[in-house]
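Participant: Contents of target-v5.txt (compact mmCIF, C-alpha atoms) are below:
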# COMPACT_ATOMS: atom_id res chain seq x y z
CA MET A 46 223.01 402.82 131.32
CA PRO A 47 220.43 403.29 128.54
CA ARG A 48 217.50 405.56 129.36
CA GLU A 49 215.10 402.60 129.17
CA ALA A 50 217.02 400.61 131.75
CA VAL A 51 217.35 403.23 134.51
CA ILE A 52 213.78 403.10 135.86
CA VAL A 53 213.65 399.32 135.54
CA SER A 54 216.96 399.02 137.41
CA ALA A 55 215.71 401.32 140.17
CA ASN A 56 212.62 399.14 140.67
CA LEU A 57 214.71 395.98 140.56
CA ALA A 58 217.00 397.42 143.23
CA LEU A 59 214.00 398.05 145.50
CA LEU A 60 212.67 394.53 145.01
CA ARG A 61 216.09 393.04 145.71
CA GLN A 62 216.32 395.19 148.83
CA ALA A 63 212.94 393.80 149.95
CA HIS A 64 214.05 390.23 149.25
CA GLU A 65 217.14 390.66 151.38
CA LEU A 66 215.21 392.23 154.26
CA VAL A 67 212.29 389.78 154.15
CA SER A 68 214.76 386.88 154.14
CA THR A 69 216.40 388.07 157.35
CA LEU A 70 213.46 389.40 159.40
CA PRO A 71 212.18 387.52 162.41
CA ASP A 72 208.85 385.85 161.62
CA ALA A 73 207.09 387.86 164.35
CA ALA A 74 208.21 391.20 162.91
CA PHE A 75 207.05 390.17 159.45
CA GLY A 76 203.77 388.36 160.05
CA GLY A 77 202.93 389.37 163.57
CA ALA A 78 202.86 387.60 166.90
CA GLU A 79 202.27 388.45 170.51
CA GLY A 80 204.21 391.57 171.34
CA VAL A 81 204.28 392.78 167.72
CA GLU A 82 201.35 395.11 167.33
CA LYS A 83 202.13 396.30 163.80
CA PRO A 84 203.93 393.71 161.63
CA VAL A 85 205.43 394.79 158.30
CA GLY A 86 204.04 391.94 156.20
CA PRO A 87 200.88 393.85 155.21
CA HIS A 88 203.00 396.69 153.80
CA PHE A 89 205.14 394.27 151.81
CA ARG A 90 202.02 392.48 150.51
CA HIS A 91 200.50 395.78 149.43
CA VAL A 92 203.65 396.78 147.53
CA LEU A 93 204.07 393.37 145.91
CA GLU A 94 200.44 393.31 144.80
CA HIS A 95 200.91 396.64 143.01
CA TYR A 96 203.85 395.18 141.10
CA SER A 97 201.77 392.07 140.32
CA CYS A 98 198.92 394.20 138.95
CA PHE A 99 201.42 396.13 136.85
CA LEU A 100 202.96 393.02 135.30
CA ASP A 101 199.59 391.25 134.89
CA GLY A 102 198.10 394.31 133.17
CA LEU A 103 200.89 394.73 130.65
CA ARG A 104 199.57 391.86 128.53
CA ASP A 105 196.32 393.71 127.77
CA ARG A 106 197.77 397.21 128.22
CA ARG A 107 195.28 397.77 131.08
CA ILE A 108 196.66 397.98 134.60
CA ASP A 109 194.02 397.87 137.30
CA TYR A 110 195.65 398.51 140.67
CA ASP A 111 192.29 397.95 142.36
CA ALA A 112 192.24 394.33 141.15
CA ARG A 113 194.76 393.34 143.83
CA ARG A 114 194.25 389.79 145.07
CA ARG A 115 194.97 390.74 148.70
CA GLU A 116 196.61 387.40 149.38
CA GLU A 117 196.90 387.22 153.15
CA HIS A 118 199.50 384.43 153.06
CA ILE A 119 201.94 386.92 151.44
CA GLU A 120 201.69 389.20 154.48
CA ARG A 121 202.05 386.41 157.04
CA ASP A 122 204.61 384.06 155.49
CA ARG A 123 208.09 385.34 154.67
CA GLU A 124 208.78 382.48 152.24
CA SER A 125 205.63 383.28 150.25
CA ALA A 126 206.64 386.93 150.13
CA ALA A 127 210.21 386.07 149.08
CA GLY A 128 208.89 383.80 146.33
CA ARG A 129 206.60 386.54 145.02
CA ILE A 130 209.50 389.00 145.06
CA ARG A 131 211.61 386.59 142.96
CA ASP A 132 208.72 386.23 140.47
CA LEU A 133 208.35 390.02 140.23
CA ILE A 134 212.08 390.46 139.64
CA ASP A 135 211.87 387.91 136.82
CA GLY A 136 208.86 389.77 135.39
CA LEU A 137 210.66 393.13 135.39
CA LEU A 138 213.75 391.55 133.83
CA ALA A 139 211.54 390.29 130.97
CA LEU A 140 210.14 393.72 130.07
CA GLY A 141 210.32 394.56 126.37
CA GLY A 142 213.29 396.07 124.60
CA PRO A 143 214.12 399.69 123.77
CA GLY A 144 211.05 401.85 123.38
CA ALA A 145 208.70 399.42 125.13
CA LEU A 146 208.67 401.65 128.19
CA ASP A 147 206.98 404.39 126.20
CA ASP A 148 204.10 402.13 125.13
CA GLU A 149 200.73 403.63 126.05
CA ILE A 150 198.59 401.81 128.57
CA ALA A 151 195.36 402.43 130.47
CA VAL A 152 195.48 402.58 134.26
CA ARG A 153 192.82 402.43 136.96
CA LEU A 154 193.28 403.34 140.62
CA ASP A 155 190.32 404.15 142.87
CA CYS A 156 190.52 407.60 144.46
CA GLY A 157 188.63 406.39 147.51
CA LEU A 158 185.50 408.49 147.14
CA GLY A 159 183.32 405.42 146.74
CA GLU A 160 180.88 406.85 144.21
CA GLU A 161 182.99 407.08 141.11
CA ARG A 162 182.37 405.09 137.98
CA GLU A 163 185.14 402.96 136.64
CA GLN A 164 187.69 405.51 135.45
CA TRP A 165 190.73 404.73 133.38
CA SER A 166 193.61 407.12 132.68
CA ARG A 167 196.16 407.09 129.90
CA SER A 168 199.73 406.42 130.93
CA THR A 169 202.90 404.71 129.76
CA VAL A 170 204.85 401.74 131.05
CA ARG A 171 207.64 404.12 132.09
CA ARG A 172 205.26 406.39 134.03
CA GLU A 173 203.83 403.42 135.92
CA LEU A 174 207.33 402.27 136.82
CA HIS A 175 207.88 405.76 138.26
CA PHE A 176 204.64 405.39 140.23
CA LEU A 177 205.72 401.98 141.54
CA LEU A 178 209.10 403.38 142.58
CA SER A 179 207.53 406.24 144.53
CA HIS A 180 204.82 404.04 146.05
CA THR A 181 207.36 401.42 147.12
CA ILE A 182 209.71 403.94 148.72
CA HIS A 183 206.76 405.40 150.65
CA HIS A 184 205.85 401.99 152.07
CA TYR A 185 209.49 401.11 152.74
CA ALA A 186 209.74 404.28 154.85
CA LEU A 187 206.76 403.08 156.88
CA ILE A 188 208.28 399.60 157.16
CA GLY A 189 211.53 401.17 158.37
CA LEU A 190 209.68 403.08 161.09
CA LEU A 191 207.77 399.99 162.23
CA LEU A 192 210.92 397.88 162.33
CA GLY A 193 212.85 400.64 164.10
CA ALA A 194 210.22 400.58 166.85
CA LEU A 195 211.03 396.87 167.24
CA GLY A 196 214.77 397.61 167.40
CA ILE A 197 215.43 396.22 163.90
CA GLU A 198 217.64 398.35 161.65
CA THR A 199 216.94 398.43 157.91
CA GLY A 200 220.00 400.40 156.79
CA PRO A 201 220.44 404.09 156.03
CA ASP A 202 219.01 404.04 152.49
CA PHE A 203 215.96 401.82 153.02
CA GLY A 204 212.83 403.86 152.31
CA VAL A 205 214.77 406.85 151.00
CA ALA A 206 214.14 408.29 147.53
CA PRO A 207 217.00 408.03 145.02
CA SER A 208 217.01 411.83 144.66
CA THR A 209 217.48 412.19 148.42
CA LEU A 210 220.32 409.66 148.39
CA LYS A 211 222.01 411.63 145.59
CA TYR A 212 221.56 414.85 147.56
CA TRP A 213 223.04 413.30 150.71
CA ASN A 214 226.02 412.01 148.71
CA LEU A 215 226.54 415.43 147.14
CA GLN A 216 226.39 417.10 150.56
CA ALA A 217 228.88 414.62 152.00
CA SER A 218 231.19 415.14 149.02
CA CYS A 219 231.01 418.93 149.40
CA ALA A 220 231.73 418.63 153.13
CA ARG A 221 234.80 416.44 152.45
CA GLN A 222 236.08 418.94 149.89
CA ALA A 223 235.53 421.89 152.23
CA GLY A 224 237.19 420.14 155.17
Could you render the structure from this file as structure tokens?
Facilitator:
Amino acid sequence: MPREAVIVSANLALLRQAHELVSTLPDAAFGGAEGVEKPVGPHFRHVLEHYSCFLDGLRDRRIDYDARRREEHIERDRESAAGRIRDLIDGLLALGGPGALDDEIAVRLDCGLGEEREQWSRSTVRRELHFLLSHTIHHYALIGLLLGALGIETGPDFGVAPSTLKYWNLQASCARQAG
């Protein structure tokens, strides 16, 4: 796989994983209902809005992660979330050709101190795809814990970093060879 495609493919895999899970979750676990204190829809919305900001910002080469729309219907309605995921997959598939991932962009993300002026940092498309990968895995881990508390299994690699999965596979391979 070309160097440009690896990080895009990793993000696509995460979005496809989300689509599959969102499509099969009970409505109560996703959007909340009596007996479900902590639904997972808000985590999915948060992740999807980061991808939306990324794709929206590419046009002007200015990605503002604080400009999230915070669309509550995405966190309550599985069909809305699944539709957004499909749109994001299409957007990632349409990313530019070789070299486009190294294009410079400006990025803004509030540090939470409340008193800072608007601050933009230099980045690249590739670096932001790395950020999205890490951010998504972090939220998937939280989603996995919340669903586990409801007795819903997400699978052994949901919310696990690719480097950890590689390490686990290497350890299992070494154990098979030693045994």
Participant: Neighbourhood query: residues within 9 Å of (214.0, 405.3, 151.1), file coordinates, counting all atoms listed in the file; return as a ChimeraX atom specification.
Facilitator: /A:181-186,189,201-207,209-210
Participant: Between CA of Arg167 (chain A) and CA of Ala151 (chain A), what distance in Å does the model show, to one decimal?
Facilitator: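 Pair CA of Arg167 (chain A) / CA of Ala151 (chain A) returns 4.8 Å.
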Participant: I want to know what sits within 12 Å of Pro87 (chain A), based on all atoms listed in the file, with residues of the same chain fewer than 6 positions away left out; could you give that as a PyMOL selection string?
Facilitator: chain A and resi 74-77+93-94+115-123+126+184-185+187-188+191
Participant: Given the choices A:Glu198, A:Asp101, A:Glu79, A:Glu173, which gets closest to Asp132 (chain A) if the distance is worked out from only C-alpha atoms?
Facilitator: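 Going through A:Glu198, A:Asp101, A:Glu79, A:Glu173 one by one, the smallest distance to Asp132 (chain A) is for A:Asp101.
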Participant: What separation in Å, quoted to one decimal, exists between CA of Leu59 (chain A) and CA of Asp155 (chain A)?
Facilitator: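 That distance, rounded to one decimal, is 24.6 Å.
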Participant: Nearest to Pro84 (chain A) among A:Leu100, A:Ser218, A:Leu154, A:Val67, with distances taken over all atoms listed in the file: which residue is it?
Facilitator: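 Answer, going by the shortest atom-to-atom distance: A:Val67.
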Participant: Given 3 Å on each side, where is the centre and what are the edge lengths in Å to one decimal of the axis-aligned box enclosing the listed atoms of region 176-186 of chain A, as AutoDock Vina command-line options?
Facilitator:
--center_x 207.2 --center_y 403.7 --center_z 147.5 --size_x 11.1 --size_y 11.1 --size_z 20.6
Participant: Considering only C-alpha atoms, can you say which of A:Glu124, A:Phe89, A:Ser168, A:Ser54 comes closest to Asp72 (chain A)?
Facilitator: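 When distances to Asp72 (chain A) are compared using only C-alpha atoms, the smallest one comes from A:Glu124.
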Participant: Is there a way to get, as a count of residues only, all residues within 12 Å of the point (206.9, 403.3, 139.5) in file coordinates, counting all atoms listed in the file?
Facilitator: 33
Participant: For CA of Gln216 (chain A) and CA of Thr199 (chain A), quote the distance in Å rounded to one decimal.
Facilitator: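 The value is 22.2 Å.
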